[in-house]
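Chemist: work-v8.pdb (PDB, C-alpha atoms) pasted underneath:
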ATOM      1  CA  MET A 230       8.699  24.228  12.932  1.00  0.00           C
ATOM      2  CA  THR A 231       5.290  22.656  13.247  1.00  0.00           C
ATOM      3  CA  ASP A 232       5.599  20.933   9.875  1.00  0.00           C
ATOM      4  CA  SER A 233       8.911  19.213  10.570  1.00  0.00           C
ATOM      5  CA  TRP A 234       6.987  15.901  10.738  1.00  0.00           C
ATOM      6  CA  LEU A 235       6.099  16.484   7.091  1.00  0.00           C
ATOM      7  CA  HIS A 236       9.674  17.038   6.005  1.00  0.00           C
ATOM      8  CA  LYS A 237      10.887  13.977   7.876  1.00  0.00           C
ATOM      9  CA  LEU A 238       9.354  11.779   5.169  1.00  0.00           C
ATOM     10  CA  ASN A 239      11.425  10.694   2.176  1.00  0.00           C
ATOM     11  CA  TRP A 240       9.470  12.335  -0.607  1.00  0.00           C
ATOM     12  CA  GLY A 241      11.767  11.308  -3.464  1.00  0.00           C
ATOM     13  CA  ASP A 242      12.490  13.094  -6.719  1.00  0.00           C
ATOM     14  CA  GLU A 243       8.874  13.600  -7.710  1.00  0.00           C
ATOM     15  CA  GLY A 244       7.740  14.631  -4.247  1.00  0.00           C
ATOM     16  CA  LEU A 245       5.102  11.903  -4.125  1.00  0.00           C
ATOM     17  CA  LEU A 246       4.510   8.969  -1.804  1.00  0.00           C
ATOM     18  CA  PRO A 247       2.020   6.115  -2.046  1.00  0.00           C
ATOM     19  CA  ALA A 248      -0.775   6.322   0.530  1.00  0.00           C
ATOM     20  CA  ILE A 249      -2.831   3.315   1.551  1.00  0.00           C
ATOM     21  CA  ALA A 250      -6.379   3.814   2.824  1.00  0.00           C
ATOM     22  CA  GLN A 251      -7.348   1.023   5.204  1.00  0.00           C
ATOM     23  CA  ASP A 252     -10.777   0.607   6.786  1.00  0.00           C
ATOM     24  CA  ALA A 253     -10.156   1.390  10.447  1.00  0.00           C
ATOM     25  CA  ALA A 254     -12.792  -1.051  11.643  1.00  0.00           C
ATOM     26  CA  THR A 255     -12.293  -4.100   9.393  1.00  0.00           C
ATOM     27  CA  GLY A 256      -8.654  -3.755   8.293  1.00  0.00           C
ATOM     28  CA  GLU A 257      -9.720  -4.054   4.652  1.00  0.00           C
ATOM     29  CA  ILE A 258      -7.466  -2.202   2.217  1.00  0.00           C
ATOM     30  CA  LEU A 259      -9.711   0.162   0.311  1.00  0.00           C
ATOM     31  CA  MET A 260      -7.391   1.911  -2.144  1.00  0.00           C
ATOM     32  CA  VAL A 261      -3.910   3.234  -2.819  1.00  0.00           C
ATOM     33  CA  ALA A 262      -3.350   6.738  -4.168  1.00  0.00           C
ATOM     34  CA  TRP A 263      -0.521   9.289  -4.107  1.00  0.00           C
ATOM     35  CA  MET A 264       0.203  12.240  -1.881  1.00  0.00           C
ATOM     36  CA  ASN A 265       2.481  15.234  -2.093  1.00  0.00           C
ATOM     37  CA  ARG A 266       3.369  17.337   0.947  1.00  0.00           C
ATOM     38  CA  GLU A 267       0.361  19.587   0.546  1.00  0.00           C
ATOM     39  CA  ALA A 268      -2.040  16.659   0.247  1.00  0.00           C
ATOM     40  CA  LEU A 269      -0.701  15.121   3.442  1.00  0.00           C
ATOM     41  CA  GLN A 270      -0.769  18.426   5.294  1.00  0.00           C
ATOM     42  CA  GLN A 271      -4.378  19.060   4.286  1.00  0.00           C
ATOM     43  CA  THR A 272      -5.260  15.485   5.270  1.00  0.00           C
ATOM     44  CA  ALA A 273      -3.692  15.942   8.707  1.00  0.00           C
ATOM     45  CA  GLU A 274      -5.416  19.268   9.274  1.00  0.00           C
ATOM     46  CA  SER A 275      -8.876  18.408   7.938  1.00  0.00           C
ATOM     47  CA  HIS A 276      -9.008  14.738   9.013  1.00  0.00           C
ATOM     48  CA  GLU A 277     -10.311  13.911   5.552  1.00  0.00           C
ATOM     49  CA  ALA A 278      -8.196  12.202   2.895  1.00  0.00           C
ATOM     50  CA  VAL A 279      -6.703  14.509   0.271  1.00  0.00           C
ATOM     51  CA  TYR A 280      -4.568  12.927  -2.452  1.00  0.00           C
ATOM     52  CA  TRP A 281      -2.549  14.123  -5.423  1.00  0.00           C
ATOM     53  CA  SER A 282      -4.120  13.055  -8.692  1.00  0.00           C
ATOM     54  CA  ARG A 283      -1.282  12.133 -11.045  1.00  0.00           C
ATOM     55  CA  SER A 284      -3.615  12.068 -14.055  1.00  0.00           C
ATOM     56  CA  ARG A 285      -5.297  15.396 -13.316  1.00  0.00           C
ATOM     57  CA  LYS A 286      -2.170  16.935 -11.760  1.00  0.00           C
ATOM     58  CA  ARG A 287      -4.047  18.550  -8.924  1.00  0.00           C
ATOM     59  CA  LEU A 288      -5.044  17.967  -5.325  1.00  0.00           C
ATOM     60  CA  TRP A 289      -7.992  15.625  -5.030  1.00  0.00           C
ATOM     61  CA  HIS A 290     -10.218  15.729  -1.991  1.00  0.00           C
ATOM     62  CA  LYS A 291     -11.475  12.149  -2.025  1.00  0.00           C
ATOM     63  CA  GLY A 292     -15.264  12.212  -2.312  1.00  0.00           C
ATOM     64  CA  GLU A 293     -15.438  15.717  -3.787  1.00  0.00           C
ATOM     65  CA  GLU A 294     -17.600  14.397  -6.639  1.00  0.00           C
ATOM     66  CA  SER A 295     -18.962  11.131  -5.270  1.00  0.00           C
ATOM     67  CA  GLY A 296     -19.559  12.207  -1.693  1.00  0.00           C
ATOM     68  CA  HIS A 297     -17.489   9.181  -0.644  1.00  0.00           C
ATOM     69  CA  VAL A 298     -15.291  11.144   1.724  1.00  0.00           C
ATOM     70  CA  GLN A 299     -12.746   9.306   3.889  1.00  0.00           C
ATOM     71  CA  LYS A 300     -12.664  10.360   7.518  1.00  0.00           C
ATOM     72  CA  VAL A 301      -9.073   9.885   8.687  1.00  0.00           C
ATOM     73  CA  LEU A 302      -8.697   8.461  12.192  1.00  0.00           C
ATOM     74  CA  GLU A 303      -4.981   7.723  12.123  1.00  0.00           C
ATOM     75  CA  ILE A 304      -1.917   8.474   9.976  1.00  0.00           C
ATOM     76  CA  ARG A 305       1.115   6.191   9.997  1.00  0.00           C
ATOM     77  CA  THR A 306       4.358   5.838   8.108  1.00  0.00           C
ATOM     78  CA  ASP A 307       6.744   2.927   7.730  1.00  0.00           C
ATOM     79  CA  CYS A 308      10.349   2.259   8.723  1.00  0.00           C
ATOM     80  CA  ASP A 309      11.689   3.853   5.525  1.00  0.00           C
ATOM     81  CA  GLU A 310       9.335   6.811   5.913  1.00  0.00           C
ATOM     82  CA  ASP A 311       8.307   6.583   2.289  1.00  0.00           C
ATOM     83  CA  VAL A 312       4.798   5.127   2.485  1.00  0.00           C
ATOM     84  CA  ILE A 313       1.740   6.613   4.209  1.00  0.00           C
ATOM     85  CA  LEU A 314      -0.996   4.562   5.831  1.00  0.00           C
ATOM     86  CA  LEU A 315      -4.380   6.111   6.606  1.00  0.00           C
ATOM     87  CA  LYS A 316      -6.880   4.368   8.831  1.00  0.00           C
ATOM     88  CA  VAL A 317     -10.231   5.660   7.645  1.00  0.00           C
ATOM     89  CA  GLU A 318     -13.981   5.528   7.925  1.00  0.00           C
ATOM     90  CA  GLN A 319     -15.276   5.243   4.360  1.00  0.00           C
ATOM     91  CA  THR A 320     -18.428   7.322   3.857  1.00  0.00           C
ATOM     92  CA  GLY A 321     -21.004   5.423   1.820  1.00  0.00           C
ATOM     93  CA  GLY A 322     -19.005   2.212   2.189  1.00  0.00           C
ATOM     94  CA  ILE A 323     -17.629   2.618  -1.329  1.00  0.00           C
ATOM     95  CA  ALA A 324     -14.000   3.624  -2.029  1.00  0.00           C
ATOM     96  CA  CYS A 325     -13.678   2.543  -5.674  1.00  0.00           C
ATOM     97  CA  HIS A 326     -14.829   4.533  -8.694  1.00  0.00           C
ATOM     98  CA  THR A 327     -16.254   1.267 -10.074  1.00  0.00           C
ATOM     99  CA  GLY A 328     -18.822   1.310  -7.263  1.00  0.00           C
ATOM    100  CA  ARG A 329     -17.124  -1.405  -5.246  1.00  0.00           C
ATOM    101  CA  ARG A 330     -16.212  -1.243  -1.592  1.00  0.00           C
ATOM    102  CA  SER A 331     -12.471  -1.681  -2.284  1.00  0.00           C
ATOM    103  CA  CYS A 332     -10.334  -1.057  -5.351  1.00  0.00           C
ATOM    104  CA  PHE A 333      -8.646  -4.447  -4.782  1.00  0.00           C
ATOM    105  CA  PHE A 334     -11.397  -6.524  -6.359  1.00  0.00           C
ATOM    106  CA  GLN A 335      -9.251  -8.557  -8.779  1.00  0.00           C
ATOM    107  CA  LYS A 336      -7.756 -11.780  -7.471  1.00  0.00           C
ATOM    108  CA  LEU A 337      -5.204 -13.945  -9.244  1.00  0.00           C
ATOM    109  CA  ASN A 338      -6.707 -17.355  -9.830  1.00  0.00           C
ATOM    110  CA  ASP A 339      -5.247 -19.960 -12.159  1.00  0.00           C
ATOM    111  CA  GLN A 340      -3.189 -17.308 -14.007  1.00  0.00           C
ATOM    112  CA  GLN A 341      -6.166 -15.025 -14.541  1.00  0.00           C
ATOM    113  CA  TRP A 342      -7.447 -11.929 -12.771  1.00  0.00           C
ATOM    114  CA  GLN A 343     -10.873 -12.770 -11.455  1.00  0.00           C
ATOM    115  CA  VAL A 344     -13.334 -10.157 -10.175  1.00  0.00           C
ATOM    116  CA  VAL A 345     -14.288 -11.203  -6.650  1.00  0.00           C
ATOM    117  CA  GLU A 346     -16.117  -8.183  -5.218  1.00  0.00           C
ATOM    118  CA  PRO A 347     -19.605  -6.995  -6.181  1.00  0.00           C
ATOM    119  CA  VAL A 348     -20.537  -3.573  -7.550  1.00  0.00           C
ATOM    120  CA  LEU A 349     -22.565  -1.973  -4.758  1.00  0.00           C
ATOM    121  CA  LYS A 350     -23.697   1.065  -6.713  1.00  0.00           C
ATOM    122  CA  ASP A 351     -23.756   1.900 -10.425  1.00  0.00           C
ATOM    123  CA  PRO A 352     -20.940   4.409 -11.130  1.00  0.00           C
ATOM    124  CA  HIS A 353     -23.404   6.438 -13.212  1.00  0.00           C
ATOM    125  CA  GLU A 354     -25.401   6.910 -10.045  1.00  0.00           C
ATOM    126  CA  ILE A 355     -22.284   7.884  -8.106  1.00  0.00           C
ATOM    127  CA  TYR A 356     -20.928  10.428 -10.571  1.00  0.00           C
ATOM    128  CA  LYS A 357     -24.063  12.079 -11.902  1.00  0.00           C
ATOM    129  CA  LYS A 358     -23.786  15.817 -12.479  1.00  0.00           C
TER     130      LYS A 358
ATOM    131  CA  MET B 167       0.325 -17.113 -23.183  1.00  0.00           C
ATOM    132  CA  THR B 168       0.299 -18.253 -19.584  1.00  0.00           C
ATOM    133  CA  ASP B 169       1.871 -15.009 -18.388  1.00  0.00           C
ATOM    134  CA  SER B 170      -0.689 -12.666 -19.977  1.00  0.00           C
ATOM    135  CA  TRP B 171      -1.991 -11.922 -16.453  1.00  0.00           C
ATOM    136  CA  LEU B 172       1.436 -10.483 -15.716  1.00  0.00           C
ATOM    137  CA  HIS B 173       1.430  -8.184 -18.731  1.00  0.00           C
ATOM    138  CA  LYS B 174      -2.066  -6.956 -17.975  1.00  0.00           C
ATOM    139  CA  LEU B 175      -0.660  -4.847 -15.132  1.00  0.00           C
ATOM    140  CA  ASN B 176       0.409  -1.261 -15.746  1.00  0.00           C
ATOM    141  CA  TRP B 177       4.100  -1.507 -14.926  1.00  0.00           C
ATOM    142  CA  GLY B 178       5.007   2.075 -15.778  1.00  0.00           C
ATOM    143  CA  ASP B 179       8.261   3.468 -17.076  1.00  0.00           C
ATOM    144  CA  GLU B 180      10.480   1.836 -14.484  1.00  0.00           C
ATOM    145  CA  GLY B 181       8.716  -1.519 -14.622  1.00  0.00           C
ATOM    146  CA  LEU B 182       8.000  -1.453 -10.897  1.00  0.00           C
ATOM    147  CA  LEU B 183       4.794  -1.551  -8.862  1.00  0.00           C
ATOM    148  CA  PRO B 184       4.238  -1.124  -5.128  1.00  0.00           C
ATOM    149  CA  ALA B 185       3.260  -4.343  -3.375  1.00  0.00           C
ATOM    150  CA  ILE B 186       1.492  -4.380  -0.019  1.00  0.00           C
ATOM    151  CA  ALA B 187       1.912  -7.373   2.285  1.00  0.00           C
ATOM    152  CA  GLN B 188      -1.124  -7.782   4.506  1.00  0.00           C
ATOM    153  CA  ASP B 189      -1.485 -10.374   7.262  1.00  0.00           C
ATOM    154  CA  ALA B 190      -4.103 -12.753   5.884  1.00  0.00           C
ATOM    155  CA  ALA B 191      -5.509 -13.528   9.326  1.00  0.00           C
ATOM    156  CA  THR B 192      -5.567 -10.145  11.064  1.00  0.00           C
ATOM    157  CA  GLY B 193      -5.694  -7.689   8.140  1.00  0.00           C
ATOM    158  CA  GLU B 194      -2.681  -5.853   9.556  1.00  0.00           C
ATOM    159  CA  ILE B 195      -0.515  -4.164   6.928  1.00  0.00           C
ATOM    160  CA  LEU B 196       2.971  -5.534   7.416  1.00  0.00           C
ATOM    161  CA  MET B 197       5.067  -3.755   4.795  1.00  0.00           C
ATOM    162  CA  VAL B 198       5.206  -2.212   1.341  1.00  0.00           C
ATOM    163  CA  ALA B 199       7.958  -3.059  -1.125  1.00  0.00           C
ATOM    164  CA  TRP B 200       8.389  -3.017  -4.901  1.00  0.00           C
ATOM    165  CA  MET B 201       8.011  -5.691  -7.539  1.00  0.00           C
ATOM    166  CA  ASN B 202       9.056  -6.026 -11.140  1.00  0.00           C
ATOM    167  CA  ARG B 203       7.542  -8.631 -13.454  1.00  0.00           C
ATOM    168  CA  GLU B 204      10.045 -11.296 -12.479  1.00  0.00           C
ATOM    169  CA  ALA B 205       9.467 -10.736  -8.756  1.00  0.00           C
ATOM    170  CA  LEU B 206       5.722 -11.118  -9.180  1.00  0.00           C
ATOM    171  CA  GLN B 207       6.083 -14.175 -11.388  1.00  0.00           C
ATOM    172  CA  GLN B 208       8.380 -15.866  -8.868  1.00  0.00           C
ATOM    173  CA  THR B 209       5.971 -14.917  -6.071  1.00  0.00           C
ATOM    174  CA  ALA B 210       3.037 -16.454  -7.942  1.00  0.00           C
ATOM    175  CA  GLU B 211       4.958 -19.627  -8.726  1.00  0.00           C
ATOM    176  CA  SER B 212       6.629 -20.190  -5.366  1.00  0.00           C
ATOM    177  CA  HIS B 213       3.850 -18.838  -3.108  1.00  0.00           C
ATOM    178  CA  GLU B 214       6.527 -16.930  -1.203  1.00  0.00           C
ATOM    179  CA  ALA B 215       6.995 -13.179  -1.501  1.00  0.00           C
ATOM    180  CA  VAL B 216       9.800 -12.044  -3.805  1.00  0.00           C
ATOM    181  CA  TYR B 217      10.363  -8.301  -4.188  1.00  0.00           C
ATOM    182  CA  TRP B 218      12.679  -6.049  -6.180  1.00  0.00           C
ATOM    183  CA  SER B 219      15.138  -4.259  -3.940  1.00  0.00           C
ATOM    184  CA  ARG B 220      15.555  -0.751  -5.329  1.00  0.00           C
ATOM    185  CA  SER B 221      18.609  -0.094  -3.156  1.00  0.00           C
ATOM    186  CA  ARG B 222      20.380  -3.347  -3.995  1.00  0.00           C
ATOM    187  CA  LYS B 223      18.987  -3.514  -7.534  1.00  0.00           C
ATOM    188  CA  ARG B 224      18.268  -7.209  -7.374  1.00  0.00           C
ATOM    189  CA  LEU B 225      15.482  -9.650  -6.613  1.00  0.00           C
ATOM    190  CA  TRP B 226      14.939 -10.095  -2.919  1.00  0.00           C
ATOM    191  CA  HIS B 227      13.349 -13.244  -1.579  1.00  0.00           C
ATOM    192  CA  LYS B 228      11.837 -11.868   1.615  1.00  0.00           C
ATOM    193  CA  GLY B 229      13.302 -13.762   4.559  1.00  0.00           C
ATOM    194  CA  GLU B 230      16.405 -14.940   2.679  1.00  0.00           C
ATOM    195  CA  GLU B 231      18.605 -13.598   5.492  1.00  0.00           C
ATOM    196  CA  SER B 232      16.217 -13.317   8.429  1.00  0.00           C
ATOM    197  CA  GLY B 233      14.205 -16.467   7.818  1.00  0.00           C
ATOM    198  CA  HIS B 234      11.091 -14.261   7.982  1.00  0.00           C
ATOM    199  CA  VAL B 235       9.603 -15.671   4.798  1.00  0.00           C
ATOM    200  CA  GLN B 236       6.110 -14.590   3.727  1.00  0.00           C
ATOM    201  CA  LYS B 237       3.824 -17.407   2.603  1.00  0.00           C
ATOM    202  CA  VAL B 238       1.507 -15.914  -0.018  1.00  0.00           C
ATOM    203  CA  LEU B 239      -2.103 -17.067   0.190  1.00  0.00           C
ATOM    204  CA  GLU B 240      -3.642 -14.607  -2.230  1.00  0.00           C
ATOM    205  CA  ILE B 241      -2.556 -12.038  -4.838  1.00  0.00           C
ATOM    206  CA  ARG B 242      -4.790  -9.128  -5.796  1.00  0.00           C
ATOM    207  CA  THR B 243      -4.551  -6.003  -7.896  1.00  0.00           C
ATOM    208  CA  ASP B 244      -6.600  -2.809  -7.905  1.00  0.00           C
ATOM    209  CA  CYS B 245      -8.895  -1.105 -10.407  1.00  0.00           C
ATOM    210  CA  ASP B 246      -5.978   0.696 -12.077  1.00  0.00           C
ATOM    211  CA  GLU B 247      -3.914  -2.491 -12.133  1.00  0.00           C
ATOM    212  CA  ASP B 248      -0.890  -0.676 -10.795  1.00  0.00           C
ATOM    213  CA  VAL B 249      -0.705  -1.858  -7.177  1.00  0.00           C
ATOM    214  CA  ILE B 250      -0.258  -5.429  -5.913  1.00  0.00           C
ATOM    215  CA  LEU B 251      -1.746  -6.749  -2.686  1.00  0.00           C
ATOM    216  CA  LEU B 252      -0.421  -9.933  -1.100  1.00  0.00           C
ATOM    217  CA  LYS B 253      -2.290 -11.690   1.676  1.00  0.00           C
ATOM    218  CA  VAL B 254       0.401 -13.491   3.621  1.00  0.00           C
ATOM    219  CA  GLU B 255       1.321 -15.616   6.585  1.00  0.00           C
ATOM    220  CA  GLN B 256       4.359 -13.943   8.160  1.00  0.00           C
ATOM    221  CA  THR B 257       6.888 -16.509   9.363  1.00  0.00           C
ATOM    222  CA  GLY B 258       8.264 -15.568  12.775  1.00  0.00           C
ATOM    223  CA  GLY B 259       5.600 -12.879  13.181  1.00  0.00           C
ATOM    224  CA  ILE B 260       8.132 -10.186  12.223  1.00  0.00           C
ATOM    225  CA  ALA B 261       8.039  -8.382   8.873  1.00  0.00           C
ATOM    226  CA  CYS B 262      10.184  -5.347   9.682  1.00  0.00           C
ATOM    227  CA  HIS B 263      13.983  -5.227   9.667  1.00  0.00           C
ATOM    228  CA  THR B 264      13.742  -3.270  12.948  1.00  0.00           C
ATOM    229  CA  GLY B 265      12.408  -6.422  14.618  1.00  0.00           C
ATOM    230  CA  ARG B 266       8.820  -5.217  14.767  1.00  0.00           C
ATOM    231  CA  ARG B 267       5.777  -7.073  13.543  1.00  0.00           C
ATOM    232  CA  SER B 268       4.879  -4.371  11.000  1.00  0.00           C
ATOM    233  CA  CYS B 269       6.912  -1.672   9.279  1.00  0.00           C
ATOM    234  CA  PHE B 270       4.110   0.813  10.003  1.00  0.00           C
ATOM    235  CA  PHE B 271       5.083   1.481  13.595  1.00  0.00           C
ATOM    236  CA  GLN B 272       5.177   5.297  13.451  1.00  0.00           C
ATOM    237  CA  LYS B 273       1.928   7.123  14.135  1.00  0.00           C
ATOM    238  CA  LEU B 274       1.337  10.842  13.690  1.00  0.00           C
ATOM    239  CA  ASN B 275       0.418  12.330  17.038  1.00  0.00           C
ATOM    240  CA  ASP B 276       0.362  16.049  17.776  1.00  0.00           C
ATOM    241  CA  GLN B 277       2.565  16.797  14.734  1.00  0.00           C
ATOM    242  CA  GLN B 278       5.162  14.214  15.686  1.00  0.00           C
ATOM    243  CA  TRP B 279       5.881  10.669  14.571  1.00  0.00           C
ATOM    244  CA  GLN B 280       5.499   8.480  17.614  1.00  0.00           C
ATOM    245  CA  VAL B 281       6.707   4.865  17.770  1.00  0.00           C
ATOM    246  CA  VAL B 282       3.706   2.764  18.773  1.00  0.00           C
ATOM    247  CA  GLU B 283       4.813  -0.831  18.170  1.00  0.00           C
ATOM    248  CA  PRO B 284       7.320  -2.801  20.248  1.00  0.00           C
ATOM    249  CA  VAL B 285      10.528  -4.394  19.001  1.00  0.00           C
ATOM    250  CA  LEU B 286       9.882  -8.133  19.289  1.00  0.00           C
ATOM    251  CA  LYS B 287      13.417  -9.260  18.469  1.00  0.00           C
ATOM    252  CA  ASP B 288      16.761  -7.466  18.412  1.00  0.00           C
ATOM    253  CA  PRO B 289      17.766  -6.926  14.752  1.00  0.00           C
ATOM    254  CA  HIS B 290      21.287  -8.126  15.623  1.00  0.00           C
ATOM    255  CA  GLU B 291      19.719 -11.443  16.540  1.00  0.00           C
ATOM    256  CA  ILE B 292      17.716 -11.504  13.312  1.00  0.00           C
ATOM    257  CA  TYR B 293      20.577 -10.704  10.956  1.00  0.00           C
ATOM    258  CA  LYS B 294      23.507 -12.502  12.523  1.00  0.00           C
ATOM    259  CA  LYS B 295      25.896 -14.090  10.064  1.00  0.00           C
TER     260      LYS B 295
END
As C-alpha cells, please, write out the structure in this file.
Modeler:
Amino acid sequence: MTDSWLHKLNWGDEGLLPAIAQDAATGEILMVAWMNREALQQTAESHEAVYWSRSRKRLWHKGEESGHVQKVLEIRTDCDEDVILLKVEQTGGIACHTGRRSCFFQKLNDQQWQVVEPVLKDPHEIYKK
Amino acid sequence: MTDSWLHKLNWGDEGLLPAIAQDAATGEILMVAWMNREALQQTAESHEAVYWSRSRKRLWHKGEESGHVQKVLEIRTDCDEDVILLKVEQTGGIACHTGRRSCFFQKLNDQQWQVVEPVLKDPHEIYKK
C-alpha cells in the first residue's frame, strides 16, 4: 500500500491532527491548523499545504482566496505520530488572515497579551472579491 | 482579575490547548504537548514548562523525571487564541523521551517515515530510577 505512511499516524477519534507550518528558511512558526487524512495526502502529492477547516467543515487549500499559498518542502511527524510539521515557503510572506507574517503575534507580557507583530497588508486588500 | 489573560484563550470543550515548545535560540521545534489552564498558569509563574499529560491525566512538569526542564523565555498565542507557543531553553539539549533533541525526527521521504535525527542519549540512561 502506497498510503501506509498515512495510516501509520494516530489520527484519533475525530480523524484530525494539528499541523504546524514553519518557515523553512527562518524557522519562524507561521500558523497551526488541522489536517485529516485527505488533507495530508493532498499536501504530500501537491507540495502545497491543504488543511481541514473545522469551522467550514471542508478541505482548505491554504491561499485559495488570498493567494498566500504555502509551498511544502518537508513533512515531519513526532515521536507519538500525532502532530504534523510542515516546513514551508510562504507565498507573499503573509500566513495570517490578519495580514501579519505569523499567526503568533500575541505575546504574554505582564499578564496581558500584547500584539508584537505588524500588519503587513490590510486584510480587506487580501480578501477582496 | 490578574488571570483574565488566561481566560481570554479559547480552551474548548475539553479545556485543553496544544502547546508548541520551540528552541528560543535556533527556532527548532522541540515538541508539542497539551496544556490546561492550570498548566499554563504554572508555566507563566514558574518560567518552566508544565503540561497536561493526557495519558496520565495529571500535570506534568517537563523534566521532572529526566531533568530535561524547559526554561520558558516567552509565551505567545495565535490569532484564534487556541494554540500556545513557548520559546524555551532546553536543559540537556534533549526534549524527546527517545533521547533525541526534538520529537520531530521522522521525515516523509518517498512515502515512508524516515528517522533523520540521532539519539543523543540512551533513554535508559535518561529515565533510570
Chemist: Kindly assemble as a Markdown table a list of the chain A residues that lie within 7 Å of chain B, each paired with its nearest atom pair and their distance in Å to one decimal, using all atoms listed in the file, sorted first by chain and then by ascending residue number.
Modeler:
| residue | atom | partner | partner_atom | distance |
| --- | --- | --- | --- | --- |
| A:Thr231 | CA | B:Gln277 | CA | 6.6 |
| A:Trp234 | CA | B:Gln278 | CA | 5.5 |
| A:Gly256 | CA | B:Gly193 | CA | 4.9 |
| A:Glu257 | CA | B:Gly193 | CA | 6.4 |
| A:Ile304 | CA | B:Leu274 | CA | 5.5 |
| A:Arg305 | CA | B:Lys273 | CA | 4.3 |
| A:Thr306 | CA | B:Phe270 | CA | 5.4 |
| A:Asp307 | CA | B:Phe270 | CA | 4.1 |
| A:Cys308 | CA | B:Cys269 | CA | 5.3 |
| A:Cys332 | CA | B:Asp244 | CA | 4.9 |
| A:Phe333 | CA | B:Asp244 | CA | 4.1 |
| A:Phe334 | CA | B:Asp244 | CA | 6.3 |
| A:Gln335 | CA | B:Arg242 | CA | 5.4 |
| A:Lys336 | CA | B:Arg242 | CA | 4.3 |
| A:Leu337 | CA | B:Ile241 | CA | 5.5 |
| A:Gln340 | CA | B:Trp171 | CA | 6.0 |
| A:Gln341 | CA | B:Trp171 | CA | 5.5 |
| A:Trp342 | CA | B:Trp171 | CA | 6.6 |
Chemist: With a distance cut-off of 9 Å and all atoms listed in the file, select the neighbouring residues of Val235 of chain B, excluding the residue or stretch itself and same-chain residues fewer than 2 positions from it, and output the selection as a short mmCIF file (atom, residue, chain, number, x, y, z; two decimals) with C-alpha atoms, in the frame of the given file.
Modeler:
data_model
loop_
_atom_site.label_atom_id
_atom_site.label_comp_id
_atom_site.auth_asym_id
_atom_site.auth_seq_id
_atom_site.Cartn_x
_atom_site.Cartn_y
_atom_site.Cartn_z
CA GLU B 214 6.53 -16.93 -1.20
CA ALA B 215 7.00 -13.18 -1.50
CA HIS B 227 13.35 -13.24 -1.58
CA LYS B 228 11.84 -11.87 1.62
CA GLY B 229 13.30 -13.76 4.56
CA GLU B 230 16.40 -14.94 2.68
CA SER B 232 16.22 -13.32 8.43
CA GLY B 233 14.20 -16.47 7.82
CA LYS B 237 3.82 -17.41 2.60
CA GLU B 255 1.32 -15.62 6.58
CA GLN B 256 4.36 -13.94 8.16
CA THR B 257 6.89 -16.51 9.36
CA GLY B 258 8.26 -15.57 12.78
CA ALA B 261 8.04 -8.38 8.87
#
Chemist: To one decimal in Å, tell me the separation between atom CA of Arg266 of chain A and atom CA of Gly244 of chain A.
Modeler: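 That distance, rounded to one decimal, is 7.3 Å.
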Chemist: Kindly give the distance, in Å, that separates atom CA of Gln270 of chain A and atom CA of Arg220 of chain B, rounded to a single decimal.
Modeler: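 Interatomic distance here is 27.3 Å.
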Chemist: Which is closest to Gln271 of chain A among A:Leu349, A:Ala248, A:Leu288, A:Leu302, if we use only C-alpha atoms?
Modeler: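 Using only C-alpha atoms, Gln271 of chain A sits closest to A:Leu288.
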Chemist: Choose the residue, out of B:Ile292, B:Val238, B:Met201, B:Ala191, that has the smallest atom-to-atom separation from Val254 of chain B; count all atoms listed in the file.
Modeler: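 Residue with the minimum atom-to-atom distance to Val254 of chain B: B:Val238.
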Chemist: Can you measure atom CA of Glu294 of chain A to atom CA of Gly322 of chain A for me? One decimal in Å is fine.
Modeler: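 Separation of atom CA of Glu294 of chain A and atom CA of Gly322 of chain A: 15.1 Å.
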